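Coordinates from run08.pdb are shown below (PDB, C-alpha atoms).
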```pdb
ATOM      1  CA  MET A  14     -26.897 -19.755  26.679  1.00  0.00           C
ATOM      2  CA  SER A  15     -29.002 -17.504  28.897  1.00  0.00           C
ATOM      3  CA  LYS A  16     -28.979 -13.772  28.482  1.00  0.00           C
ATOM      4  CA  ASN A  17     -26.520 -11.745  30.528  1.00  0.00           C
ATOM      5  CA  THR A  18     -28.036  -9.224  32.957  1.00  0.00           C
ATOM      6  CA  LYS A  19     -24.739  -7.792  34.185  1.00  0.00           C
ATOM      7  CA  LYS A  20     -24.093  -4.163  33.340  1.00  0.00           C
ATOM      8  CA  LYS A  21     -22.138  -4.120  30.082  1.00  0.00           C
ATOM      9  CA  LYS A  22     -18.507  -3.070  30.195  1.00  0.00           C
ATOM     10  CA  LEU A  23     -16.141  -3.762  27.324  1.00  0.00           C
ATOM     11  CA  VAL A  24     -12.479  -4.052  28.289  1.00  0.00           C
ATOM     12  CA  ALA A  25      -9.572  -4.540  25.898  1.00  0.00           C
ATOM     13  CA  ALA A  26      -7.343  -7.348  27.189  1.00  0.00           C
ATOM     14  CA  ILE A  27      -3.986  -7.710  25.460  1.00  0.00           C
ATOM     15  CA  ALA A  28      -1.842 -10.737  26.236  1.00  0.00           C
ATOM     16  CA  CYS A  29       1.868  -9.832  26.341  1.00  0.00           C
ATOM     17  CA  ARG A  30       4.958 -11.990  26.512  1.00  0.00           C
ATOM     18  CA  ASN A  31       8.574 -11.575  25.443  1.00  0.00           C
ATOM     19  CA  ASP A  32       9.257 -14.636  23.350  1.00  0.00           C
ATOM     20  CA  GLY A  33       9.767 -15.591  19.732  1.00  0.00           C
ATOM     21  CA  THR A  34      12.673 -17.378  18.087  1.00  0.00           C
ATOM     22  CA  ARG A  35      12.245 -15.485  14.823  1.00  0.00           C
ATOM     23  CA  LEU A  36      11.736 -12.064  16.385  1.00  0.00           C
ATOM     24  CA  TYR A  37      12.079 -11.488  20.122  1.00  0.00           C
ATOM     25  CA  GLY A  38       9.880  -9.072  22.069  1.00  0.00           C
ATOM     26  CA  LYS A  39       7.543  -8.400  19.157  1.00  0.00           C
ATOM     27  CA  PRO A  40       5.066  -6.018  20.887  1.00  0.00           C
ATOM     28  CA  LEU A  41       7.875  -3.634  21.851  1.00  0.00           C
ATOM     29  CA  GLN A  42       9.560  -3.615  18.450  1.00  0.00           C
ATOM     30  CA  ASN A  43       9.569  -0.087  17.026  1.00  0.00           C
ATOM     31  CA  LEU A  44       7.341   0.870  14.123  1.00  0.00           C
ATOM     32  CA  CYS A  45       9.214   4.154  14.054  1.00  0.00           C
ATOM     33  CA  VAL A  46      12.739   4.012  15.435  1.00  0.00           C
ATOM     34  CA  GLU A  47      13.193   7.779  15.212  1.00  0.00           C
ATOM     35  CA  ASP A  48      10.082   8.593  17.255  1.00  0.00           C
ATOM     36  CA  LYS A  49      10.301   5.436  19.387  1.00  0.00           C
ATOM     37  CA  VAL A  50       6.754   4.328  18.567  1.00  0.00           C
ATOM     38  CA  SER A  51       6.345   0.610  19.203  1.00  0.00           C
ATOM     39  CA  ILE A  52       3.810  -1.866  17.878  1.00  0.00           C
ATOM     40  CA  LEU A  53       2.119  -1.912  21.283  1.00  0.00           C
ATOM     41  CA  ASP A  54       2.128   1.904  21.395  1.00  0.00           C
ATOM     42  CA  ASN A  55       0.094   2.126  18.208  1.00  0.00           C
ATOM     43  CA  ILE A  56      -2.337  -0.547  19.392  1.00  0.00           C
ATOM     44  CA  ILE A  57      -2.900   1.152  22.756  1.00  0.00           C
ATOM     45  CA  ASN A  58      -3.121   4.617  21.216  1.00  0.00           C
ATOM     46  CA  CYS A  59      -5.655   3.403  18.651  1.00  0.00           C
ATOM     47  CA  LEU A  60      -7.882   1.502  21.076  1.00  0.00           C
ATOM     48  CA  SER A  61      -7.822   4.471  23.459  1.00  0.00           C
ATOM     49  CA  THR A  62      -9.775   6.432  20.847  1.00  0.00           C
ATOM     50  CA  ILE A  63     -12.669   3.936  20.884  1.00  0.00           C
ATOM     51  CA  GLU A  64     -15.423   5.188  23.196  1.00  0.00           C
ATOM     52  CA  THR A  65     -17.040   1.801  23.733  1.00  0.00           C
ATOM     53  CA  ILE A  66     -13.811   0.336  25.127  1.00  0.00           C
ATOM     54  CA  SER A  67     -13.950   1.330  28.793  1.00  0.00           C
ATOM     55  CA  GLU A  68     -10.422   0.365  29.821  1.00  0.00           C
ATOM     56  CA  LEU A  69      -7.327  -1.481  28.663  1.00  0.00           C
ATOM     57  CA  VAL A  70      -5.466  -4.208  30.554  1.00  0.00           C
ATOM     58  CA  LEU A  71      -2.233  -6.011  29.704  1.00  0.00           C
ATOM     59  CA  GLY A  72      -2.311  -9.723  30.515  1.00  0.00           C
ATOM     60  CA  VAL A  73       1.381 -10.265  31.186  1.00  0.00           C
ATOM     61  CA  ALA A  74       3.004 -13.699  31.302  1.00  0.00           C
ATOM     62  CA  GLU A  75       4.873 -14.515  34.488  1.00  0.00           C
ATOM     63  CA  GLY A  76       8.670 -14.283  34.347  1.00  0.00           C
ATOM     64  CA  LYS A  77      11.288 -11.591  34.899  1.00  0.00           C
ATOM     65  CA  GLU A  78      11.722 -11.139  31.164  1.00  0.00           C
ATOM     66  CA  ASN A  79       8.130  -9.881  31.004  1.00  0.00           C
ATOM     67  CA  ASP A  80       8.276  -7.385  33.882  1.00  0.00           C
ATOM     68  CA  ILE A  81       8.901  -4.661  31.323  1.00  0.00           C
ATOM     69  CA  TYR A  82       5.186  -4.840  30.379  1.00  0.00           C
ATOM     70  CA  HIS A  83       4.115  -3.941  33.913  1.00  0.00           C
ATOM     71  CA  ASP A  84       6.445  -0.935  33.736  1.00  0.00           C
ATOM     72  CA  TYR A  85       4.965  -0.091  30.343  1.00  0.00           C
ATOM     73  CA  ALA A  86       1.402  -0.268  31.690  1.00  0.00           C
ATOM     74  CA  LEU A  87       2.306   1.989  34.613  1.00  0.00           C
ATOM     75  CA  GLU A  88       3.853   4.493  32.220  1.00  0.00           C
ATOM     76  CA  LYS A  89       0.758   4.411  30.001  1.00  0.00           C
ATOM     77  CA  GLY A  90      -1.664   4.681  32.917  1.00  0.00           C
ATOM     78  CA  ILE A  91      -3.383   1.380  32.189  1.00  0.00           C
ATOM     79  CA  HIS A  92      -3.853  -1.807  34.198  1.00  0.00           C
ATOM     80  CA  SER A  93      -1.832  -5.021  34.040  1.00  0.00           C
ATOM     81  CA  ILE A  94      -2.043  -8.483  35.573  1.00  0.00           C
ATOM     82  CA  SER A  95       0.359 -11.431  35.818  1.00  0.00           C
ATOM     83  CA  GLY A  96      -0.571 -14.974  34.852  1.00  0.00           C
ATOM     84  CA  ASP A  97       0.505 -18.334  33.533  1.00  0.00           C
ATOM     85  CA  LYS A  98       2.691 -17.974  30.450  1.00  0.00           C
ATOM     86  CA  ASP A  99       1.007 -20.810  28.542  1.00  0.00           C
ATOM     87  CA  ASP A 100      -2.563 -20.363  29.782  1.00  0.00           C
ATOM     88  CA  VAL A 101      -3.383 -17.235  27.796  1.00  0.00           C
ATOM     89  CA  LEU A 102      -7.105 -17.723  28.322  1.00  0.00           C
ATOM     90  CA  SER A 103      -6.710 -17.501  32.107  1.00  0.00           C
ATOM     91  CA  ARG A 104      -4.831 -14.234  31.659  1.00  0.00           C
ATOM     92  CA  LEU A 105      -7.671 -12.760  29.626  1.00  0.00           C
ATOM     93  CA  ILE A 106     -10.131 -13.827  32.311  1.00  0.00           C
ATOM     94  CA  LYS A 107      -7.967 -12.226  35.027  1.00  0.00           C
ATOM     95  CA  CYS A 108      -7.860  -9.018  32.967  1.00  0.00           C
ATOM     96  CA  GLY A 109     -11.647  -8.904  32.901  1.00  0.00           C
ATOM     97  CA  GLU A 110     -12.046  -9.759  36.565  1.00  0.00           C
ATOM     98  CA  LYS A 111      -9.576  -7.077  37.630  1.00  0.00           C
ATOM     99  CA  ILE A 112     -11.851  -4.261  36.521  1.00  0.00           C
ATOM    100  CA  ASN A 113     -15.249  -5.967  36.515  1.00  0.00           C
ATOM    101  CA  ALA A 114     -15.655  -6.347  32.752  1.00  0.00           C
ATOM    102  CA  SER A 115     -18.712  -8.002  31.261  1.00  0.00           C
ATOM    103  CA  ASP A 116     -16.994  -8.559  27.917  1.00  0.00           C
ATOM    104  CA  ILE A 117     -13.466  -8.762  26.576  1.00  0.00           C
ATOM    105  CA  PHE A 118     -12.189  -7.115  23.414  1.00  0.00           C
ATOM    106  CA  ARG A 119      -9.303  -9.212  22.169  1.00  0.00           C
ATOM    107  CA  ILE A 120      -6.556  -8.341  19.735  1.00  0.00           C
ATOM    108  CA  THR A 121      -3.037  -9.732  19.618  1.00  0.00           C
ATOM    109  CA  SER A 122      -0.126  -7.670  20.897  1.00  0.00           C
ATOM    110  CA  GLU A 123       1.888  -7.906  17.672  1.00  0.00           C
ATOM    111  CA  SER A 124      -0.730  -6.584  15.238  1.00  0.00           C
ATOM    112  CA  PRO A 125      -0.186  -2.819  15.025  1.00  0.00           C
ATOM    113  CA  PHE A 126      -3.119  -1.773  12.825  1.00  0.00           C
ATOM    114  CA  PRO A 127      -6.504  -2.704  14.386  1.00  0.00           C
ATOM    115  CA  SER A 128      -9.629  -2.440  12.257  1.00  0.00           C
ATOM    116  CA  PHE A 129     -11.006   0.375  14.383  1.00  0.00           C
ATOM    117  CA  ASP A 130     -13.882   1.226  12.012  1.00  0.00           C
ATOM    118  CA  ASN A 131     -15.671  -2.021  12.868  1.00  0.00           C
ATOM    119  CA  ILE A 132     -15.475  -1.970  16.664  1.00  0.00           C
ATOM    120  CA  GLU A 133     -18.487   0.244  17.403  1.00  0.00           C
ATOM    121  CA  GLU A 134     -20.660  -1.726  14.968  1.00  0.00           C
ATOM    122  CA  ALA A 135     -19.501  -5.029  16.460  1.00  0.00           C
ATOM    123  CA  TRP A 136     -20.256  -3.918  20.028  1.00  0.00           C
ATOM    124  CA  LYS A 137     -23.751  -2.723  19.112  1.00  0.00           C
ATOM    125  CA  LEU A 138     -24.535  -6.027  17.390  1.00  0.00           C
ATOM    126  CA  HIS A 139     -23.029  -7.970  20.285  1.00  0.00           C
ATOM    127  CA  ASN A 140     -25.377  -6.247  22.746  1.00  0.00           C
ATOM    128  CA  LYS A 141     -28.424  -6.305  20.471  1.00  0.00           C
ATOM    129  CA  ASN A 142     -28.187 -10.081  20.102  1.00  0.00           C
ATOM    130  CA  SER A 143     -27.070 -10.718  23.710  1.00  0.00           C
ATOM    131  CA  ALA A 144     -24.155 -12.560  22.124  1.00  0.00           C
ATOM    132  CA  ASP A 145     -21.525 -14.689  23.790  1.00  0.00           C
ATOM    133  CA  ALA A 146     -19.038 -13.846  21.053  1.00  0.00           C
ATOM    134  CA  THR A 147     -18.727 -11.515  18.100  1.00  0.00           C
ATOM    135  CA  PHE A 148     -15.970 -12.204  15.580  1.00  0.00           C
ATOM    136  CA  LEU A 149     -14.414 -10.095  12.865  1.00  0.00           C
ATOM    137  CA  ASP A 150     -12.644 -12.810  10.867  1.00  0.00           C
ATOM    138  CA  ASP A 151     -12.825 -12.027   7.165  1.00  0.00           C
ATOM    139  CA  ILE A 152     -10.240  -9.292   7.014  1.00  0.00           C
ATOM    140  CA  VAL A 153      -6.483  -8.975   6.507  1.00  0.00           C
ATOM    141  CA  ASP A 154      -4.578 -11.101   9.032  1.00  0.00           C
ATOM    142  CA  GLY A 155      -3.688  -8.868  11.989  1.00  0.00           C
ATOM    143  CA  CYS A 156      -6.696  -6.569  11.655  1.00  0.00           C
ATOM    144  CA  ASN A 157      -9.204  -9.082  12.997  1.00  0.00           C
ATOM    145  CA  PHE A 158     -10.619  -8.933  16.530  1.00  0.00           C
ATOM    146  CA  GLU A 159     -12.955 -10.756  18.900  1.00  0.00           C
ATOM    147  CA  ILE A 160     -15.483  -9.582  21.482  1.00  0.00           C
ATOM    148  CA  ILE A 161     -16.257 -12.360  23.959  1.00  0.00           C
ATOM    149  CA  ARG A 162     -18.453 -12.359  27.049  1.00  0.00           C
ATOM    150  CA  LEU A 163     -16.358 -12.953  30.157  1.00  0.00           C
ATOM    151  CA  GLU A 164     -18.621 -15.794  31.299  1.00  0.00           C
ATOM    152  CA  ALA A 165     -18.189 -17.506  27.915  1.00  0.00           C
ATOM    153  CA  LEU A 166     -14.413 -17.339  28.381  1.00  0.00           C
ATOM    154  CA  LYS A 167     -14.780 -18.937  31.813  1.00  0.00           C
ATOM    155  CA  ILE A 168     -16.879 -21.755  30.344  1.00  0.00           C
ATOM    156  CA  SER A 169     -14.238 -22.248  27.640  1.00  0.00           C
ATOM    157  CA  HIS A 170     -11.534 -22.502  30.287  1.00  0.00           C
ATOM    158  CA  LYS A 171     -13.511 -24.944  32.413  1.00  0.00           C
ATOM    159  CA  LYS A 172     -14.647 -27.259  29.624  1.00  0.00           C
ATOM    160  CA  GLY A 173     -11.696 -26.929  27.254  1.00  0.00           C
ATOM    161  CA  ASN A 174      -8.221 -28.409  27.381  1.00  0.00           C
ATOM    162  CA  SER A 175      -4.706 -26.979  27.132  1.00  0.00           C
ATOM    163  CA  LYS A 176      -5.142 -26.281  23.417  1.00  0.00           C
ATOM    164  CA  HIS A 177      -8.200 -24.128  24.123  1.00  0.00           C
ATOM    165  CA  ARG A 178      -6.365 -22.291  26.901  1.00  0.00           C
ATOM    166  CA  SER A 179      -3.422 -21.369  24.675  1.00  0.00           C
ATOM    167  CA  GLU A 180      -3.254 -18.348  22.383  1.00  0.00           C
ATOM    168  CA  PHE A 181      -6.245 -19.852  20.530  1.00  0.00           C
ATOM    169  CA  CYS A 182      -8.571 -18.427  23.162  1.00  0.00           C
ATOM    170  CA  SER A 183     -11.769 -18.575  21.115  1.00  0.00           C
ATOM    171  CA  LEU A 184     -11.193 -22.105  19.802  1.00  0.00           C
ATOM    172  CA  TYR A 185     -13.532 -23.818  22.263  1.00  0.00           C
ATOM    173  CA  ILE A 186     -16.369 -21.491  21.259  1.00  0.00           C
ATOM    174  CA  ARG A 187     -15.613 -21.992  17.574  1.00  0.00           C
ATOM    175  CA  GLU A 188     -15.574 -25.776  17.965  1.00  0.00           C
ATOM    176  CA  ASN A 189     -18.820 -25.757  19.962  1.00  0.00           C
ATOM    177  CA  ILE A 190     -20.559 -22.895  18.209  1.00  0.00           C
ATOM    178  CA  LYS A 191     -24.046 -24.414  18.615  1.00  0.00           C
ATOM    179  CA  ASP A 192     -23.719 -23.978  22.375  1.00  0.00           C
ATOM    180  CA  PHE A 193     -23.138 -20.241  22.106  1.00  0.00           C
ATOM    181  CA  ILE A 194     -24.735 -17.152  20.564  1.00  0.00           C
ATOM    182  CA  VAL A 195     -22.162 -15.993  18.006  1.00  0.00           C
ATOM    183  CA  ASN A 196     -22.126 -13.066  15.571  1.00  0.00           C
ATOM    184  CA  LYS A 197     -19.810 -12.722  12.608  1.00  0.00           C
ATOM    185  CA  ILE A 198     -19.112  -9.248  11.279  1.00  0.00           C
ATOM    186  CA  GLU A 199     -19.070  -8.891   7.514  1.00  0.00           C
ATOM    187  CA  THR A 200     -16.709  -6.426   5.854  1.00  0.00           C
ATOM    188  CA  ASP A 201     -16.087  -5.153   2.357  1.00  0.00           C
ATOM    189  CA  LYS A 202     -14.547  -8.003   0.346  1.00  0.00           C
ATOM    190  CA  LYS A 203     -11.697  -5.744  -0.713  1.00  0.00           C
ATOM    191  CA  LEU A 204     -10.498  -5.741   2.913  1.00  0.00           C
ATOM    192  CA  PHE A 205     -10.126  -9.521   2.975  1.00  0.00           C
ATOM    193  CA  ARG A 206      -6.864 -10.068   1.155  1.00  0.00           C
ATOM    194  CA  LYS A 207      -5.256 -13.450   1.747  1.00  0.00           C
ATOM    195  CA  ASP A 208      -2.110 -12.314  -0.002  1.00  0.00           C
ATOM    196  CA  LEU A 209      -1.481  -9.757   2.761  1.00  0.00           C
ATOM    197  CA  ARG A 210      -0.673  -9.890   6.464  1.00  0.00           C
ATOM    198  CA  LEU A 211      -0.318  -7.121   9.039  1.00  0.00           C
ATOM    199  CA  THR A 212       0.904  -9.027  12.051  1.00  0.00           C
ATOM    200  CA  VAL A 213       4.523  -9.211  13.146  1.00  0.00           C
ATOM    201  CA  ASP A 214       6.039 -12.660  13.649  1.00  0.00           C
ATOM    202  CA  ASN A 215       9.091 -12.334  11.432  1.00  0.00           C
ATOM    203  CA  PRO A 216      11.678  -9.656  10.607  1.00  0.00           C
ATOM    204  CA  GLU A 217      10.072  -9.347   7.157  1.00  0.00           C
ATOM    205  CA  ASP A 218       6.703  -8.523   8.748  1.00  0.00           C
ATOM    206  CA  LEU A 219       8.352  -5.784  10.759  1.00  0.00           C
ATOM    207  CA  VAL A 220       9.926  -4.290   7.628  1.00  0.00           C
ATOM    208  CA  VAL A 221       6.505  -4.108   5.977  1.00  0.00           C
ATOM    209  CA  CYS A 222       4.784  -2.573   9.004  1.00  0.00           C
ATOM    210  CA  ARG A 223       7.565  -0.026   9.445  1.00  0.00           C
ATOM    211  CA  ASN A 224       7.165   1.056   5.826  1.00  0.00           C
ATOM    212  CA  ILE A 225       3.421   1.414   6.317  1.00  0.00           C
ATOM    213  CA  PHE A 226       3.837   3.464   9.485  1.00  0.00           C
ATOM    214  CA  SER A 227       6.404   5.707   7.808  1.00  0.00           C
ATOM    215  CA  GLU A 228       4.003   6.375   4.945  1.00  0.00           C
ATOM    216  CA  PHE A 229       1.002   7.137   7.179  1.00  0.00           C
ATOM    217  CA  LYS A 230       2.670   8.456  10.329  1.00  0.00           C
ATOM    218  CA  LYS A 231       0.581  11.630  10.287  1.00  0.00           C
ATOM    219  CA  MET A 232      -2.599   9.522  10.427  1.00  0.00           C
ATOM    220  CA  ALA A 233      -1.437   7.353  13.317  1.00  0.00           C
ATOM    221  CA  PRO A 234      -2.753   5.721  15.388  1.00  0.00           C
ATOM    222  CA  ARG A 235      -5.917   5.419  13.262  1.00  0.00           C
ATOM    223  CA  ILE A 236      -4.492   4.342   9.921  1.00  0.00           C
ATOM    224  CA  PRO A 237      -7.342   3.124   7.663  1.00  0.00           C
ATOM    225  CA  LEU A 238      -6.922  -0.386   6.300  1.00  0.00           C
ATOM    226  CA  VAL A 239      -8.108   0.658   2.856  1.00  0.00           C
ATOM    227  CA  GLU A 240      -5.208   3.115   2.671  1.00  0.00           C
ATOM    228  CA  ILE A 241      -2.743   0.448   3.787  1.00  0.00           C
ATOM    229  CA  ILE A 242      -3.963  -2.004   1.146  1.00  0.00           C
ATOM    230  CA  GLU A 243      -3.669   0.598  -1.598  1.00  0.00           C
ATOM    231  CA  PHE A 244      -0.134   1.433  -0.449  1.00  0.00           C
ATOM    232  CA  LEU A 245       0.903  -2.228  -0.491  1.00  0.00           C
ATOM    233  CA  ASP A 246      -0.619  -2.754  -3.929  1.00  0.00           C
ATOM    234  CA  ASN A 247       1.530   0.127  -5.152  1.00  0.00           C
ATOM    235  CA  ASN A 248       4.586  -1.459  -3.528  1.00  0.00           C
ATOM    236  CA  PRO A 249       4.521  -5.123  -4.620  1.00  0.00           C
ATOM    237  CA  ASP A 250       8.039  -5.747  -3.320  1.00  0.00           C
ATOM    238  CA  LEU A 251       6.679  -5.319   0.211  1.00  0.00           C
ATOM    239  CA  ILE A 252       3.935  -7.873  -0.471  1.00  0.00           C
ATOM    240  CA  LYS A 253       6.548 -10.327  -1.737  1.00  0.00           C
ATOM    241  CA  LEU A 254       8.444 -10.049   1.546  1.00  0.00           C
ATOM    242  CA  THR A 255       5.662 -11.648   3.570  1.00  0.00           C
ATOM    243  CA  LEU A 256       4.160 -14.017   0.973  1.00  0.00           C
ATOM    244  CA  PRO A 257       6.081 -17.024   2.376  1.00  0.00           C
ATOM    245  CA  PHE A 258       4.220 -16.617   5.687  1.00  0.00           C
ATOM    246  CA  VAL A 259       0.730 -15.770   4.461  1.00  0.00           C
ATOM    247  CA  GLU A 260      -0.735 -19.228   3.864  1.00  0.00           C
ATOM    248  CA  GLU A 261       0.393 -20.617   7.213  1.00  0.00           C
ATOM    249  CA  GLY A 262      -0.878 -17.526   9.018  1.00  0.00           C
ATOM    250  CA  TYR A 263      -4.419 -17.802   7.684  1.00  0.00           C
ATOM    251  CA  ARG A 264      -4.498 -21.583   8.034  1.00  0.00           C
ATOM    252  CA  THR A 265      -3.604 -21.532  11.740  1.00  0.00           C
ATOM    253  CA  MET A 266      -5.315 -18.285  12.721  1.00  0.00           C
ATOM    254  CA  TYR A 267      -7.961 -19.907  14.926  1.00  0.00           C
ATOM    255  CA  LEU A 268      -6.714 -23.512  15.141  1.00  0.00           C
TER     256      LEU A 268
END
```
Here is the file; what I need is its structure written in the form of structure tokens.
Amino acid sequence: MSKNTKKKKLVAAIACRNDGTRLYGKPLQNLCVEDKVSILDNIINCLSTIETISELVLGVAEGKENDIYHDYALEKGIHSISGDKDDVLSRLIKCGEKINASDIFRITSESPFPSFDNIEEAWKLHNKNSADATFLDDIVDGCNFEIIRLEALKISHKKGNSKHRSEFCSLYIRENIKDFIVNKIETDKKLFRKDLRLTVDNPEDLVVCRNIFSEFKKMAPRIPLVEIIEFLDNNPDLIKLTLPFVEEGYRTMYL
């Protein structure tokens, strides 16, 4: 693809929706009930410390049950947009268009512990190589992220099908990688643990993340992944709680 001449502006777009048969309203579930710190709170608070992320936008699914996210955004002083509940990709595009982003930083709304140490490095590499996409994949499930050029997302939406427009927003690029300039960020192998997950889809995931937050509350919102892994290794019963979900999570992460 041709190089992008638009002034670079990285915007974090977070798709939000109140659904889930196993655990409803996952982004607003509390990591700390006592202090009323939600999963989404820790994500927003963490990303707000990253200088290269210019702004944050919530891409909220249409429906009265999701209006709470617009109220949340107003309270937090960040932007929000409404869009099709199933077409997640279109919501990310609308997030970028709302505040004239050149690139989108994407993380899911139910993964409370972003790998913040890698974001600056990823953005520098993304710009150096005039990339369409930069992926941090080889890391604990829930700590991964994607930086994707807004125009590449629009191409994905135009040329892809409903599967590519779902929550698997980077799937078209991944399936047609020769048509795009793509970087992959490498991390320390000790941070890529396929026996662990730090994303909340089930009540057991929430138990684990609440225990982590309780242990490292004073470090929040920037809780280092290496510290989390060490804590979990010292508490094998917590690892056992989420083992039934680990294989499926990694297998379907980008499919």
For this session: Run the PyMOL selection byres ((chain A and resi 21) around 6) mentally over the shown coordinates, then write out the matched residues as an NGL selection string, using the chain letters and numbers from the document.
Result: :A and (20 or 22 or 115)
For this session: Would you mind telling me which residue in A:Arg264, A:Lys191, A:His83, A:Arg223 lies nearest to A:Lys49 when using all atoms listed in the file?
Result: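 Once distances to A:Lys49 are computed over all atoms listed in the file, the minimum belongs to A:Arg223.
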For this session: Please provide the set of residues having any atom within 6 Å of A:Ala144, restricted to only C-alpha atoms, with same-chain residues fewer than 5 positions apart removed, written as an MDAnalysis selection string.
Result: chainID A and resid 139 194:195
Write out as an mmCIF file with C-alpha atoms, in the frame of the given file the residues lying within 7 Å of A:Gly173, counting only C-alpha atoms and excluding same-chain residues fewer than 4 positions away.
```cif
data_model
loop_
_atom_site.group_PDB
_atom_site.id
_atom_site.type_symbol
_atom_site.label_atom_id
_atom_site.label_comp_id
_atom_site.auth_asym_id
_atom_site.auth_seq_id
_atom_site.Cartn_x
_atom_site.Cartn_y
_atom_site.Cartn_z
ATOM 1 C CA SER A 169 -14.238 -22.248 27.640
ATOM 2 C CA HIS A 177 -8.200 -24.128 24.123
ATOM 3 C CA TYR A 185 -13.532 -23.818 22.263
#
```
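Closest to A:Leu149 among A:Lys231, A:Lys89, A:Arg206, A:Arg119 is A:Arg119, based on only C-alpha atoms.
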Problem set entry | Expansion of the PyMOL selection byres ((chain A and resi 210) around 12) into residues, as a ChimeraX atom specification | /A:123-126,152-157,204-209,211-215,217-219,221-222,238,241-242,245,251-263,266
Step by step, gather every atom of stretch 137-149 of chain A that the file lists, find the box along x, y and z that holds them, add 4 Å on each side, and finally give centre and edge lengths in Å to one decimal, as lines of an AutoDock Vina configuration file.
```
center_x = -21.4
center_y = -8.7
center_z = 18.3
size_x = 22.0
size_y = 20.0
size_z = 18.9
```
Exercise. Could you write out as a list in words the residues that the PyMOL selection byres ((chain A and resi 30) around 8) matches in the shown file?
Worked result: Ala28, Cys29, Asn31, Asp32, Gly38, Val73, Ala74, Asn79 and Lys98 of chain A
Problem set entry | For atom CA of A:Ser67 and atom CA of A:Val24, the interatomic separation in Å (one decimal) |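 Separation between atom CA of A:Ser67 and atom CA of A:Val24: 5.6 Å.
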Exercise. Using all atoms listed in the file, which residue out of A:Leu23, A:Leu166, A:Gly33, A:Ile117 lies closest to A:Arg178?
Worked result: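 Nearest to A:Arg178: A:Leu166.
Nearest to A:Ala146 of all the residues A:Asp116, A:Glu199, A:Asp84, A:Glu180 is A:Asp116, counting only C-alpha atoms.
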Seminar exercise, completed: Atom pair atom CA of A:Val239 + atom CA of A:Trp136, distance 21.5 Å
Where atoms are absent from stretch 189-199 of chain A, fill them in so it carries N, CA, C and O atoms, then output it as a PDB file, in the frame of the given file.
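Ended up saving to out_26.pdb:
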```pdb
ATOM      1  N   ASN A 189     -17.530 -25.414  19.359  1.00  0.00           N
ATOM      2  CA  ASN A 189     -18.820 -25.757  19.962  1.00  0.00           C
ATOM      3  C   ASN A 189     -19.819 -24.629  19.728  1.00  0.00           C
ATOM      4  O   ASN A 189     -20.564 -24.241  20.633  1.00  0.00           O
ATOM      5  N   ILE A 190     -19.838 -24.135  18.522  1.00  0.00           N
ATOM      6  CA  ILE A 190     -20.559 -22.895  18.209  1.00  0.00           C
ATOM      7  C   ILE A 190     -22.066 -23.016  18.447  1.00  0.00           C
ATOM      8  O   ILE A 190     -22.746 -22.019  18.732  1.00  0.00           O
ATOM      9  N   LYS A 191     -22.615 -24.231  18.386  1.00  0.00           N
ATOM     10  CA  LYS A 191     -24.046 -24.414  18.615  1.00  0.00           C
ATOM     11  C   LYS A 191     -24.438 -24.172  20.071  1.00  0.00           C
ATOM     12  O   LYS A 191     -25.619 -23.979  20.379  1.00  0.00           O
ATOM     13  N   ASP A 192     -23.447 -24.194  20.953  1.00  0.00           N
ATOM     14  CA  ASP A 192     -23.719 -23.978  22.375  1.00  0.00           C
ATOM     15  C   ASP A 192     -23.642 -22.502  22.776  1.00  0.00           C
ATOM     16  O   ASP A 192     -23.857 -22.172  23.943  1.00  0.00           O
ATOM     17  N   PHE A 193     -23.334 -21.658  21.817  1.00  0.00           N
ATOM     18  CA  PHE A 193     -23.138 -20.241  22.106  1.00  0.00           C
ATOM     19  C   PHE A 193     -23.904 -19.384  21.094  1.00  0.00           C
ATOM     20  O   PHE A 193     -24.245 -19.845  20.012  1.00  0.00           O
ATOM     21  N   ILE A 194     -24.170 -18.140  21.490  1.00  0.00           N
ATOM     22  CA  ILE A 194     -24.735 -17.152  20.564  1.00  0.00           C
ATOM     23  C   ILE A 194     -23.567 -16.393  19.960  1.00  0.00           C
ATOM     24  O   ILE A 194     -22.845 -15.685  20.670  1.00  0.00           O
ATOM     25  N   VAL A 195     -23.351 -16.547  18.663  1.00  0.00           N
ATOM     26  CA  VAL A 195     -22.162 -15.993  18.006  1.00  0.00           C
ATOM     27  C   VAL A 195     -22.555 -15.142  16.807  1.00  0.00           C
ATOM     28  O   VAL A 195     -23.364 -15.555  15.971  1.00  0.00           O
ATOM     29  N   ASN A 196     -21.990 -13.944  16.741  1.00  0.00           N
ATOM     30  CA  ASN A 196     -22.126 -13.066  15.571  1.00  0.00           C
ATOM     31  C   ASN A 196     -20.845 -13.089  14.757  1.00  0.00           C
ATOM     32  O   ASN A 196     -19.753 -13.214  15.324  1.00  0.00           O
ATOM     33  N   LYS A 197     -20.981 -12.916  13.458  1.00  0.00           N
ATOM     34  CA  LYS A 197     -19.810 -12.722  12.608  1.00  0.00           C
ATOM     35  C   LYS A 197     -19.998 -11.446  11.806  1.00  0.00           C
ATOM     36  O   LYS A 197     -20.999 -11.281  11.114  1.00  0.00           O
ATOM     37  N   ILE A 198     -19.039 -10.538  11.953  1.00  0.00           N
ATOM     38  CA  ILE A 198     -19.112  -9.248  11.279  1.00  0.00           C
ATOM     39  C   ILE A 198     -18.650  -9.390   9.832  1.00  0.00           C
ATOM     40  O   ILE A 198     -17.593  -9.967   9.566  1.00  0.00           O
ATOM     41  N   GLU A 199     -19.449  -8.869   8.925  1.00  0.00           N
ATOM     42  CA  GLU A 199     -19.070  -8.891   7.514  1.00  0.00           C
ATOM     43  C   GLU A 199     -18.420  -7.561   7.144  1.00  0.00           C
ATOM     44  O   GLU A 199     -18.835  -6.501   7.609  1.00  0.00           O
TER      45      GLU A 199
END
```
